[in-house]
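target_8.tsv follows (TSV, C-alpha atoms and all ligand atoms):
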chain	number	residue	atom	x	y	z
A	1	MET	CA	18.95	34.96	-26.82
A	2	PHE	CA	18.36	31.23	-27.46
A	3	LYS	CA	20.07	31.64	-30.80
A	4	ASP	CA	23.02	33.57	-29.31
A	5	MET	CA	23.95	30.76	-26.97
A	6	PHE	CA	24.91	28.57	-29.93
A	7	LYS	CA	27.43	31.16	-31.08
A	8	ARG	CA	29.44	30.05	-28.05
A	9	ASP	CA	31.10	26.67	-27.51
A	10	SER	CA	29.15	26.01	-24.38
A	11	SER	CA	25.93	26.93	-22.63
A	12	LEU	CA	24.07	25.92	-19.51
A	13	SER	CA	20.35	25.66	-18.99
A	14	PHE	CA	18.18	24.12	-16.30
A	15	GLU	CA	14.92	22.20	-16.12
A	16	VAL	CA	12.53	22.80	-13.22
A	17	PHE	CA	9.09	21.42	-12.43
A	18	PRO	CA	6.15	23.54	-11.22
A	19	PRO	CA	4.81	22.99	-7.70
A	20	LYS	CA	2.04	20.43	-7.31
A	21	LYS	CA	0.11	22.50	-4.76
A	22	ASP	CA	-0.80	26.17	-4.80
A	23	ASP	CA	0.82	26.83	-1.41
A	24	GLU	CA	4.18	25.60	-2.74
A	25	PHE	CA	4.65	28.47	-5.19
A	26	GLU	CA	6.56	30.70	-2.77
A	27	ASN	CA	9.11	27.97	-2.21
A	28	CYS	CA	9.40	27.33	-5.94
A	29	TYR	CA	10.05	31.05	-6.52
A	30	LYS	CA	12.85	30.90	-3.93
A	31	VAL	CA	14.36	27.93	-5.77
A	32	LEU	CA	14.20	29.92	-9.01
A	33	ASP	CA	15.75	32.99	-7.37
A	34	SER	CA	18.72	30.85	-6.36
A	35	LEU	CA	19.01	29.20	-9.77
A	36	ALA	CA	18.94	32.62	-11.42
A	37	THR	CA	22.13	33.63	-9.58
A	38	LEU	CA	23.90	30.91	-11.60
A	39	GLU	CA	23.07	32.88	-14.77
A	40	PRO	CA	21.71	30.07	-16.94
A	41	ASP	CA	21.06	30.68	-20.64
A	42	PHE	CA	17.47	29.63	-20.08
A	43	ILE	CA	15.26	27.70	-17.69
A	44	SER	CA	12.68	25.23	-18.94
A	45	VAL	CA	9.52	24.29	-17.03
A	46	THR	CA	7.92	20.86	-17.26
A	47	TYR	CA	4.25	20.21	-18.01
A	48	GLY	CA	1.87	17.50	-16.81
A	49	ALA	CA	1.33	14.84	-19.50
A	50	GLY	CA	-2.44	15.30	-19.46
A	51	GLY	CA	-2.19	19.08	-19.53
A	52	SER	CA	-4.34	19.50	-16.40
A	53	ARG	CA	-1.69	21.56	-14.62
A	54	SER	CA	-0.73	23.73	-17.58
A	55	LYS	CA	-1.53	26.94	-15.68
A	56	LYS	CA	1.24	26.17	-13.18
A	57	THR	CA	3.74	25.79	-16.04
A	58	VAL	CA	2.64	29.16	-17.42
A	59	ASP	CA	2.89	30.82	-13.98
A	60	ILE	CA	6.42	29.54	-13.38
A	61	ALA	CA	7.53	30.43	-16.92
A	62	ASN	CA	6.05	33.89	-16.38
A	63	TYR	CA	8.12	34.33	-13.20
A	64	ILE	CA	11.31	33.26	-14.98
A	65	GLN	CA	10.69	35.51	-17.96
A	66	ASN	CA	9.34	38.62	-16.26
A	67	THR	CA	10.56	38.67	-12.68
A	68	LEU	CA	13.95	37.05	-13.16
A	69	LYS	CA	14.35	38.45	-16.70
A	70	LEU	CA	15.74	35.16	-17.94
A	71	ASP	CA	14.64	33.26	-21.04
A	72	ALA	CA	11.91	30.79	-20.15
A	73	MET	CA	11.00	27.72	-22.14
A	74	ALA	CA	7.62	26.13	-21.39
A	75	HIS	CA	7.26	22.40	-22.03
A	76	MET	CA	3.96	21.44	-23.64
A	77	THR	CA	2.54	17.95	-24.09
A	78	CYS	CA	-0.31	17.11	-26.45
A	79	VAL	CA	-1.26	13.51	-25.58
A	80	GLY	CA	-4.47	14.50	-23.80
A	81	SER	CA	-5.22	17.77	-25.56
A	82	THR	CA	-7.56	19.12	-28.17
A	83	GLN	CA	-6.51	21.86	-30.58
A	84	ASP	CA	-8.49	24.34	-28.47
A	85	ASP	CA	-6.65	23.24	-25.30
A	86	ILE	CA	-3.31	23.85	-27.01
A	87	LEU	CA	-4.42	27.23	-28.36
A	88	ALA	CA	-5.59	28.27	-24.88
A	89	VAL	CA	-2.16	27.50	-23.39
A	90	THR	CA	-0.30	29.21	-26.22
A	91	LYS	CA	-2.48	32.28	-25.72
A	92	ASP	CA	-1.60	32.30	-21.99
A	93	LEU	CA	2.10	31.98	-22.82
A	94	GLU	CA	2.01	34.71	-25.43
A	95	ALA	CA	0.14	36.98	-23.00
A	96	VAL	CA	3.04	36.82	-20.54
A	97	GLY	CA	5.74	37.08	-23.23
A	98	VAL	CA	7.00	33.49	-23.11
A	99	SER	CA	7.87	32.76	-26.71
A	100	HIS	CA	9.61	29.38	-26.71
A	101	VAL	CA	8.10	25.94	-26.08
A	102	LEU	CA	9.42	22.40	-25.95
A	103	ALA	CA	6.79	20.50	-27.93
A	104	LEU	CA	6.22	16.95	-26.72
A	105	ARG	CA	3.74	14.16	-27.12
A	106	GLY	CA	3.94	13.11	-23.47
A	107	ASP	CA	3.31	9.70	-21.93
A	108	LYS	CA	-0.14	8.17	-21.60
A	109	PRO	CA	-1.63	9.63	-18.40
A	110	ARG	CA	-2.76	7.08	-15.78
A	111	ASP	CA	-6.39	8.09	-16.08
A	112	MET	CA	-6.48	7.76	-19.88
A	113	SER	CA	-7.87	4.54	-21.34
A	114	ASP	CA	-6.05	2.65	-24.10
A	115	GLU	CA	-8.87	3.56	-26.44
A	116	GLN	CA	-8.57	7.27	-25.65
A	117	PHE	CA	-4.82	7.03	-26.14
A	118	GLU	CA	-5.29	5.35	-29.54
A	119	GLN	CA	-7.71	8.07	-30.59
A	120	ARG	CA	-5.73	11.06	-29.38
A	121	ILE	CA	-6.00	14.19	-31.48
A	122	PHE	CA	-2.27	14.86	-31.74
A	123	PRO	CA	-0.68	11.43	-32.37
A	124	HIS	CA	2.91	12.66	-32.01
A	125	ALA	CA	5.12	15.59	-31.17
A	126	THR	CA	5.53	16.13	-34.93
A	127	ASP	CA	1.80	16.92	-35.12
A	128	LEU	CA	2.07	19.42	-32.27
A	129	ILE	CA	5.11	21.10	-33.81
A	130	HIS	CA	3.30	21.42	-37.14
A	131	PHE	CA	0.19	22.81	-35.42
A	132	LEU	CA	2.16	25.35	-33.38
A	133	ASN	CA	4.03	26.56	-36.42
A	134	GLN	CA	0.81	26.92	-38.42
A	135	ASN	CA	-1.19	28.64	-35.69
A	136	THR	CA	1.15	30.58	-33.40
A	137	SER	CA	4.30	32.66	-33.51
A	138	LEU	CA	5.99	30.56	-30.80
A	139	LYS	CA	9.49	29.24	-31.32
A	140	VAL	CA	9.53	25.48	-30.97
A	141	SER	CA	12.11	22.97	-29.77
A	142	ALA	CA	11.74	19.21	-29.34
A	143	SER	CA	13.04	16.16	-27.50
A	144	CYS	CA	15.47	13.51	-28.73
A	145	TYR	CA	16.70	10.21	-27.34
A	146	PRO	CA	20.39	9.19	-27.39
A	147	GLU	CA	19.41	5.59	-26.60
A	148	LYS	CA	16.22	5.82	-28.73
A	149	HIS	CA	12.74	6.36	-27.35
A	150	PRO	CA	11.53	3.20	-25.58
A	151	GLU	CA	8.60	2.80	-28.02
A	152	ALA	CA	10.68	3.34	-31.16
A	153	ILE	CA	11.16	0.25	-33.33
A	154	SER	CA	14.77	1.21	-34.09
A	155	MET	CA	17.26	4.03	-33.66
A	156	ASP	CA	16.99	4.72	-37.41
A	157	SER	CA	13.23	5.21	-37.21
A	158	ASP	CA	13.53	7.38	-34.10
A	159	ILE	CA	16.11	9.59	-35.82
A	160	ALA	CA	13.91	9.76	-38.95
A	161	PHE	CA	11.11	11.17	-36.77
A	162	MET	CA	13.62	13.54	-35.19
A	163	LYS	CA	14.40	14.77	-38.72
A	164	MET	CA	10.67	15.19	-39.27
A	165	LYS	CA	10.52	17.36	-36.12
A	166	GLN	CA	13.28	19.52	-37.56
A	167	ASP	CA	11.50	19.71	-40.94
A	168	MET	CA	8.29	20.76	-39.15
A	169	GLY	CA	10.19	23.65	-37.54
A	170	ALA	CA	11.97	22.46	-34.39
A	171	GLU	CA	14.86	24.87	-33.84
A	172	MET	CA	16.74	22.89	-31.22
A	173	PHE	CA	16.67	19.48	-29.54
A	174	ILE	CA	17.08	18.70	-25.86
A	175	SER	CA	18.15	15.13	-25.19
A	176	GLN	CA	16.77	12.61	-22.79
A	177	LEU	CA	19.10	11.98	-19.84
A	178	PHE	CA	21.94	9.53	-20.43
A	179	PHE	CA	24.80	8.25	-18.29
A	180	ASP	CA	27.32	7.04	-20.82
A	181	ASN	CA	28.64	9.87	-22.97
A	182	ALA	CA	29.64	7.35	-25.65
A	183	ASP	CA	25.90	6.80	-26.30
A	184	PHE	CA	25.47	10.53	-26.84
A	185	TYR	CA	28.48	10.83	-29.17
A	186	ARG	CA	27.26	7.89	-31.30
A	187	PHE	CA	23.78	9.39	-31.41
A	188	VAL	CA	24.98	12.85	-32.47
A	189	GLU	CA	27.01	11.27	-35.27
A	190	ARG	CA	23.98	9.34	-36.54
A	191	ALA	CA	21.74	12.40	-36.26
A	192	ASP	CA	24.29	14.40	-38.21
A	193	LYS	CA	24.36	11.77	-40.97
A	194	ALA	CA	20.55	11.82	-41.06
A	195	GLY	CA	20.57	15.57	-41.77
A	196	ILE	CA	19.99	17.07	-38.34
A	197	THR	CA	21.47	20.55	-38.55
A	198	VAL	CA	19.89	22.31	-35.56
A	199	PRO	CA	21.69	22.23	-32.19
A	200	ILE	CA	21.37	19.22	-29.89
A	201	VAL	CA	21.62	20.07	-26.19
A	202	ALA	CA	22.78	17.26	-23.86
A	203	GLY	CA	20.44	16.48	-20.96
A	204	ILE	CA	22.29	15.64	-17.76
A	205	MET	CA	20.58	14.35	-14.64
A	206	PRO	CA	22.69	14.23	-11.47
A	207	ILE	CA	21.87	11.10	-9.47
A	208	THR	CA	22.07	12.10	-5.83
A	209	SER	CA	20.13	9.19	-4.36
A	210	ALA	CA	19.98	5.55	-5.42
A	211	LYS	CA	16.16	5.77	-5.35
A	212	GLN	CA	16.24	7.96	-8.46
A	213	ILE	CA	17.41	4.98	-10.49
A	214	GLY	CA	14.25	3.08	-9.63
A	215	SER	CA	11.93	5.98	-10.38
A	216	THR	CA	12.91	8.75	-12.78
A	217	VAL	CA	15.62	6.90	-14.66
A	218	THR	CA	13.55	3.76	-15.27
A	219	LEU	CA	10.69	5.94	-16.50
A	220	ALA	CA	12.99	7.71	-18.91
A	221	GLY	CA	14.18	4.40	-20.34
A	222	SER	CA	17.85	5.36	-20.00
A	223	SER	CA	20.39	2.67	-19.21
A	224	VAL	CA	22.56	2.90	-16.12
A	225	SER	CA	26.27	2.68	-16.85
A	226	LYS	CA	28.38	0.16	-14.92
A	227	LYS	CA	30.24	3.01	-13.27
A	228	LEU	CA	27.04	4.62	-12.01
A	229	ALA	CA	25.59	1.27	-10.91
A	230	ASP	CA	28.79	0.69	-8.92
A	231	ILE	CA	28.45	4.12	-7.29
A	232	CYS	CA	24.86	3.32	-6.26
A	233	ALA	CA	25.88	-0.08	-4.91
A	234	ARG	CA	28.76	1.38	-2.96
A	235	TYR	CA	27.22	4.56	-1.58
A	236	GLY	CA	23.47	3.91	-1.88
A	237	GLU	CA	23.00	3.51	1.88
A	238	ASP	CA	25.01	6.62	2.81
A	239	ALA	CA	22.99	9.68	1.73
A	240	ASP	CA	25.86	12.20	1.92
A	241	ALA	CA	28.39	10.02	0.15
A	242	MET	CA	25.85	9.11	-2.55
A	243	ARG	CA	25.04	12.77	-3.10
A	244	SER	CA	28.73	13.71	-3.49
A	245	ALA	CA	29.50	10.78	-5.78
A	246	GLY	CA	26.43	11.50	-7.93
A	247	ILE	CA	27.36	15.16	-8.30
A	248	GLU	CA	30.93	14.17	-9.15
A	249	TYR	CA	29.61	11.81	-11.82
A	250	ALA	CA	27.51	14.56	-13.44
A	251	ILE	CA	30.49	16.95	-13.35
A	252	SER	CA	32.71	14.41	-15.08
A	253	GLN	CA	30.04	13.82	-17.75
A	254	ILE	CA	29.78	17.57	-18.41
A	255	ASN	CA	33.54	18.10	-18.49
A	256	ASP	CA	33.94	15.26	-20.97
A	257	LEU	CA	31.13	16.61	-23.17
A	258	ARG	CA	32.76	20.02	-23.20
A	259	LYS	CA	36.15	18.53	-24.03
A	260	CYS	CA	34.56	16.71	-26.96
A	261	GLY	CA	33.02	19.90	-28.33
A	262	MET	CA	29.48	19.21	-27.14
A	263	GLY	CA	29.27	21.85	-24.48
A	264	HIS	CA	25.59	22.77	-24.65
A	265	ILE	CA	24.23	21.27	-21.45
A	266	HIS	CA	20.72	21.14	-19.96
A	267	ILE	CA	20.76	20.11	-16.31
A	268	TYR	CA	17.71	18.26	-15.02
A	269	CYS	CA	18.17	20.05	-11.75
A	270	MET	CA	15.03	18.76	-10.01
A	271	ASN	CA	14.50	22.09	-8.23
A	272	LYS	CA	17.72	21.61	-6.23
A	273	PRO	CA	19.63	24.90	-6.36
A	274	LYS	CA	22.43	23.88	-3.98
A	275	MET	CA	23.30	20.79	-5.99
A	276	THR	CA	23.08	22.78	-9.23
A	277	ALA	CA	25.38	25.48	-7.81
A	278	GLU	CA	27.95	22.87	-6.80
A	279	ILE	CA	27.96	21.53	-10.36
A	280	CYS	CA	28.17	25.00	-11.90
A	281	ASP	CA	31.05	25.97	-9.62
A	282	ALA	CA	32.99	22.86	-10.53
A	283	ILE	CA	32.68	23.30	-14.28
A	284	LYS	CA	33.55	27.01	-14.41
B	1	LIG	P1	7.28	11.66	-29.92
B	1	LIG	O1	8.33	12.49	-30.57
B	1	LIG	O2	5.90	11.73	-30.47
B	1	LIG	O3	7.84	10.16	-29.95
B	1	LIG	C1	7.16	9.09	-29.30
B	1	LIG	C2	7.38	7.81	-30.12
B	1	LIG	O4	6.72	7.92	-31.39
B	1	LIG	C3	8.84	7.52	-30.45
B	1	LIG	O5	9.03	6.14	-30.39
B	1	LIG	C4	9.03	8.06	-31.86
B	1	LIG	O6	10.04	7.35	-32.56
B	1	LIG	C5	7.66	7.86	-32.47
B	1	LIG	N1	7.28	8.92	-33.39
B	1	LIG	C6	7.61	10.24	-33.34
B	1	LIG	N2	7.03	10.92	-34.34
B	1	LIG	C7	6.29	10.01	-35.03
B	1	LIG	C8	5.43	10.10	-36.17
B	1	LIG	N3	5.22	11.28	-36.80
B	1	LIG	N4	4.82	8.97	-36.61
B	1	LIG	C9	5.01	7.78	-35.99
B	1	LIG	N5	5.83	7.63	-34.92
B	1	LIG	C10	6.45	8.74	-34.44
B	1	LIG	N6	6.92	14.49	-20.37
B	1	LIG	C11	5.97	15.23	-19.72
B	1	LIG	O7	4.89	14.71	-19.44
B	1	LIG	N7	6.19	16.54	-19.38
B	1	LIG	C12	7.34	17.18	-19.68
B	1	LIG	O8	7.51	18.36	-19.37
B	1	LIG	C13	8.38	16.43	-20.35
B	1	LIG	N8	9.56	17.01	-20.67
B	1	LIG	C14	10.51	16.30	-21.37
B	1	LIG	C15	11.70	16.93	-21.75
B	1	LIG	C16	12.67	16.23	-22.47
B	1	LIG	C17	13.94	16.93	-22.87
B	1	LIG	C18	12.45	14.86	-22.81
B	1	LIG	C19	13.49	14.10	-23.59
B	1	LIG	C20	11.28	14.23	-22.44
B	1	LIG	C21	10.29	14.93	-21.73
B	1	LIG	N9	9.08	14.33	-21.34
B	1	LIG	C22	8.12	15.06	-20.68
B	1	LIG	C23	8.84	12.91	-21.61
B	1	LIG	C24	8.15	12.67	-22.97
B	1	LIG	O9	6.85	13.21	-22.94
B	1	LIG	C25	8.08	11.15	-23.21
B	1	LIG	O10	9.36	10.66	-23.47
B	1	LIG	C26	7.08	10.69	-24.26
B	1	LIG	O11	6.99	9.26	-24.19
B	1	LIG	C27	7.46	11.02	-25.68
B	1	LIG	O12	7.33	12.33	-25.99
B	1	LIG	P2	8.00	12.89	-27.36
B	1	LIG	O13	7.59	14.27	-27.57
B	1	LIG	O14	9.43	12.58	-27.39
B	1	LIG	O15	7.18	11.94	-28.38
Could the structure of this file be written out as structure tokens, please?
Amino acid sequence: MFKDMFKRDSSLSFEVFPPKKDDEFENCYKVLDSLATLEPDFISVTYGAGGSRSKKTVDIANYIQNTLKLDAMAHMTCVGSTQDDILAVTKDLEAVGVSHVLALRGDKPRDMSDEQFEQRIFPHATDLIHFLNQNTSLKVSASCYPEKHPEAISMDSDIAFMKMKQDMGAEMFISQLFFDNADFYRFVERADKAGITVPIVAGIMPITSAKQIGSTVTLAGSSVSKKLADICARYGEDADAMRSAGIEYAISQINDLRKCGMGHIHIYCMNKPKMTAEICDAIK
């Protein structure tokens, strides 16, 4: 199914996060039920950087795959994991029939010392991809960064490591969020020249409150376009107007991507089915 979506000019997938607390699962399932009505090509589920909440990722991926009968992709980070930890999670995923993972290094967890970070067992996502391909039958995708990863010394080096991810077996890339499509177009051109041949899916995050800029977006290292900064300045204090303007901005990004032949879109939907439905309706 993942492969089939690239036979078409466009596809839509969503990213959700698992609930933090056990008593929030029911609500998360309701969110997923609503998202499923939008018929996404797949839904991906995030993973805690340290791996401590991996069971929740597996449980949510299980629900997507087996109750909703949609393709699930489980994110997996390796920054705080041993080989045995990774094998235990892959076993859990395989047991519930989830066969696709997004292999990531992850950020340094708060409770990890610099020394532990320096001595981590899997230094990079490339090491995790290699390990998964050697030891499991999972299909593996990876991340990429249209404005380069914040730690990368240059765009060229970041793209060289992206190529390494492909050479190690990554079948698809999902991009970090970006707000200026020109950055994405330039990036895809450079990746193409560097020999990236697997599909690159564009990650779109709708900004429905100005607070998101200070939290999620800063963490991601993405730059805020002038147009989006103006929207936040103008509507930031008016929750409804900000929500509408942010959704409108995401819709215009997606429409432009589709027009430019880059119609494979992954919406960072932040477990907000109503917002996601409004976007899906508008881009039909
Ligand atoms: P890497 O690919 O390892 O890259 C990290 C840095 O190392 C880069 O600067 C890169 O250029 C460099 N590098 C890469 N390979 C090598 C190598 N072999 N040798 C030397 N240098 C190398 N985080 C979570 O905690 N949970 C999630 O669920 C999650 N989902 C995400 C989904 C997407 C689509 C994206 C784009 C990011 C996600 N993240 C998630 C965030 C991600 O974990 C961070 O961006 C993290 O800092 C880097 O992870 P990575 O897999 O991209 O790292």
Can you check which parts of chain A lie within 7 Å of ligand LIG 1 (chain B)? Per residue, the shortest pair of atoms and distance in Å to one decimal, counting all atoms listed in the file, sorted by chain and number, as JSON lines.
{"residue": "A:Val45", "atom": "CA", "partner": "B:LIG1", "partner_atom": "O8", "distance": 6.7}
{"residue": "A:Thr46", "atom": "CA", "partner": "B:LIG1", "partner_atom": "O8", "distance": 3.3}
{"residue": "A:Tyr47", "atom": "CA", "partner": "B:LIG1", "partner_atom": "O8", "distance": 4.0}
{"residue": "A:Gly48", "atom": "CA", "partner": "B:LIG1", "partner_atom": "O7", "distance": 4.9}
{"residue": "A:Ala49", "atom": "CA", "partner": "B:LIG1", "partner_atom": "O7", "distance": 3.6}
{"residue": "A:His75", "atom": "CA", "partner": "B:LIG1", "partner_atom": "O8", "distance": 4.8}
{"residue": "A:Met76", "atom": "CA", "partner": "B:LIG1", "partner_atom": "O8", "distance": 6.3}
{"residue": "A:Thr77", "atom": "CA", "partner": "B:LIG1", "partner_atom": "N7", "distance": 6.1}
{"residue": "A:Ala103", "atom": "CA", "partner": "B:LIG1", "partner_atom": "O13", "distance": 6.3}
{"residue": "A:Leu104", "atom": "CA", "partner": "B:LIG1", "partner_atom": "O13", "distance": 3.1}
{"residue": "A:Arg105", "atom": "CA", "partner": "B:LIG1", "partner_atom": "O13", "distance": 3.9}
{"residue": "A:Gly106", "atom": "CA", "partner": "B:LIG1", "partner_atom": "O9", "distance": 3.0}
{"residue": "A:Asp107", "atom": "CA", "partner": "B:LIG1", "partner_atom": "O11", "distance": 4.3}
{"residue": "A:Pro123", "atom": "CA", "partner": "B:LIG1", "partner_atom": "O2", "distance": 6.9}
{"residue": "A:His124", "atom": "CA", "partner": "B:LIG1", "partner_atom": "O2", "distance": 3.5}
{"residue": "A:Ala125", "atom": "CA", "partner": "B:LIG1", "partner_atom": "O2", "distance": 4.0}
{"residue": "A:Thr126", "atom": "CA", "partner": "B:LIG1", "partner_atom": "N3", "distance": 5.2}
{"residue": "A:Asp127", "atom": "CA", "partner": "B:LIG1", "partner_atom": "N3", "distance": 6.8}
{"residue": "A:Ala142", "atom": "CA", "partner": "B:LIG1", "partner_atom": "O13", "distance": 6.7}
{"residue": "A:Ser143", "atom": "CA", "partner": "B:LIG1", "partner_atom": "C19", "distance": 4.4}
{"residue": "A:Cys144", "atom": "CA", "partner": "B:LIG1", "partner_atom": "C19", "distance": 5.5}
{"residue": "A:Tyr145", "atom": "CA", "partner": "B:LIG1", "partner_atom": "C19", "distance": 6.3}
{"residue": "A:His149", "atom": "CA", "partner": "B:LIG1", "partner_atom": "O5", "distance": 4.8}
{"residue": "A:Pro150", "atom": "CA", "partner": "B:LIG1", "partner_atom": "O5", "distance": 6.2}
{"residue": "A:Glu151", "atom": "CA", "partner": "B:LIG1", "partner_atom": "O5", "distance": 4.1}
{"residue": "A:Ala152", "atom": "CA", "partner": "B:LIG1", "partner_atom": "O5", "distance": 3.3}
{"residue": "A:Ile153", "atom": "CA", "partner": "B:LIG1", "partner_atom": "O5", "distance": 6.9}
{"residue": "A:Ser157", "atom": "CA", "partner": "B:LIG1", "partner_atom": "O6", "distance": 6.0}
{"residue": "A:Asp158", "atom": "CA", "partner": "B:LIG1", "partner_atom": "O6", "distance": 3.8}
{"residue": "A:Phe161", "atom": "CA", "partner": "B:LIG1", "partner_atom": "N2", "distance": 4.8}
{"residue": "A:Ile174", "atom": "CA", "partner": "B:LIG1", "partner_atom": "C17", "distance": 4.7}
{"residue": "A:Ser175", "atom": "CA", "partner": "B:LIG1", "partner_atom": "C19", "distance": 5.0}
{"residue": "A:Gln176", "atom": "CA", "partner": "B:LIG1", "partner_atom": "C19", "distance": 3.7}
{"residue": "A:Gly203", "atom": "CA", "partner": "B:LIG1", "partner_atom": "C17", "distance": 6.8}
{"residue": "A:Ala220", "atom": "CA", "partner": "B:LIG1", "partner_atom": "O10", "distance": 6.5}
Quick one: write out the picked residues with C-alpha atoms as a PDB file, in the coordinates of the input?
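And here is the file that came out, again-v5.pdb:
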ATOM      1  CA  VAL A  45       9.520  24.290 -17.030  1.00  0.00           C
ATOM      2  CA  THR A  46       7.920  20.860 -17.260  1.00  0.00           C
ATOM      3  CA  TYR A  47       4.250  20.210 -18.010  1.00  0.00           C
ATOM      4  CA  GLY A  48       1.870  17.500 -16.810  1.00  0.00           C
ATOM      5  CA  ALA A  49       1.330  14.840 -19.500  1.00  0.00           C
ATOM      6  CA  HIS A  75       7.260  22.400 -22.030  1.00  0.00           C
ATOM      7  CA  MET A  76       3.960  21.440 -23.640  1.00  0.00           C
ATOM      8  CA  THR A  77       2.540  17.950 -24.090  1.00  0.00           C
ATOM      9  CA  ALA A 103       6.790  20.500 -27.930  1.00  0.00           C
ATOM     10  CA  LEU A 104       6.220  16.950 -26.720  1.00  0.00           C
ATOM     11  CA  ARG A 105       3.740  14.160 -27.120  1.00  0.00           C
ATOM     12  CA  GLY A 106       3.940  13.110 -23.470  1.00  0.00           C
ATOM     13  CA  ASP A 107       3.310   9.700 -21.930  1.00  0.00           C
ATOM     14  CA  PRO A 123      -0.680  11.430 -32.370  1.00  0.00           C
ATOM     15  CA  HIS A 124       2.910  12.660 -32.010  1.00  0.00           C
ATOM     16  CA  ALA A 125       5.120  15.590 -31.170  1.00  0.00           C
ATOM     17  CA  THR A 126       5.530  16.130 -34.930  1.00  0.00           C
ATOM     18  CA  ASP A 127       1.800  16.920 -35.120  1.00  0.00           C
ATOM     19  CA  ALA A 142      11.740  19.210 -29.340  1.00  0.00           C
ATOM     20  CA  SER A 143      13.040  16.160 -27.500  1.00  0.00           C
ATOM     21  CA  CYS A 144      15.470  13.510 -28.730  1.00  0.00           C
ATOM     22  CA  TYR A 145      16.700  10.210 -27.340  1.00  0.00           C
ATOM     23  CA  HIS A 149      12.740   6.360 -27.350  1.00  0.00           C
ATOM     24  CA  PRO A 150      11.530   3.200 -25.580  1.00  0.00           C
ATOM     25  CA  GLU A 151       8.600   2.800 -28.020  1.00  0.00           C
ATOM     26  CA  ALA A 152      10.680   3.340 -31.160  1.00  0.00           C
ATOM     27  CA  ILE A 153      11.160   0.250 -33.330  1.00  0.00           C
ATOM     28  CA  SER A 157      13.230   5.210 -37.210  1.00  0.00           C
ATOM     29  CA  ASP A 158      13.530   7.380 -34.100  1.00  0.00           C
ATOM     30  CA  PHE A 161      11.110  11.170 -36.770  1.00  0.00           C
ATOM     31  CA  ILE A 174      17.080  18.700 -25.860  1.00  0.00           C
ATOM     32  CA  SER A 175      18.150  15.130 -25.190  1.00  0.00           C
ATOM     33  CA  GLN A 176      16.770  12.610 -22.790  1.00  0.00           C
ATOM     34  CA  GLY A 203      20.440  16.480 -20.960  1.00  0.00           C
ATOM     35  CA  ALA A 220      12.990   7.710 -18.910  1.00  0.00           C
TER      36      ALA A 220
END
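For Asp183 in chain A, the residues within 12 Å (counting all atoms listed in the file, excluding itself and residues fewer than 4 positions away along the chain) are Tyr145, Pro146, Glu147, Lys148, Met155, Ser175, Gln176, Leu177, Phe178, Phe179, Phe187, Val188, Glu189, Arg190, Ala202, Ser222, Ser223, Val224, Ser225, Gln253 and Leu257 of chain A.
Atom pair CA of Ile231 in chain A / CA of Gly261 in chain A: separated by 26.7 Å.
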Next item on the list: Excluding range 278-281 of chain A and residues on its chain fewer than 3 positions from it, collect all residues at most 8 Å away from it, counting all atoms listed in the file, and give them as a PyMOL selection string.
Entry: chain A and resi 38+247+250-251+274-275+284
Check: Which residue, A:Ile159, A:Cys232, A:Ile213, A:Leu102, has the smallest gap to Glu171 in chain A when you use all atoms listed in the file?
Finding: A:Leu102
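Here CA of Ser54 in chain A stands at a distance of 26.2 Å from CA of Thr37 in chain A.
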Check: So which residues touch range 12-29 of chain A within 6 Å, counting only C-alpha atoms, skipping near sequence neighbours fewer than 6 positions away, as a count of residues only?
Finding: 16
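The space between CA of Val198 in chain A and CA of Phe173 in chain A spans 7.4 Å.
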Note to self: Taking only C-alpha atoms into account, name the residue in A:Met205, A:Met164, A:Ile86, A:Val96 that is nearest to Phe131 in chain A.
What the structure shows: A:Ile86
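Each of A:Val79, A:Leu93, A:Cys260, A:Ala61 was checked against Ala182 in chain A using all atoms listed in the file; the smallest atom-to-atom distance is that of A:Cys260.
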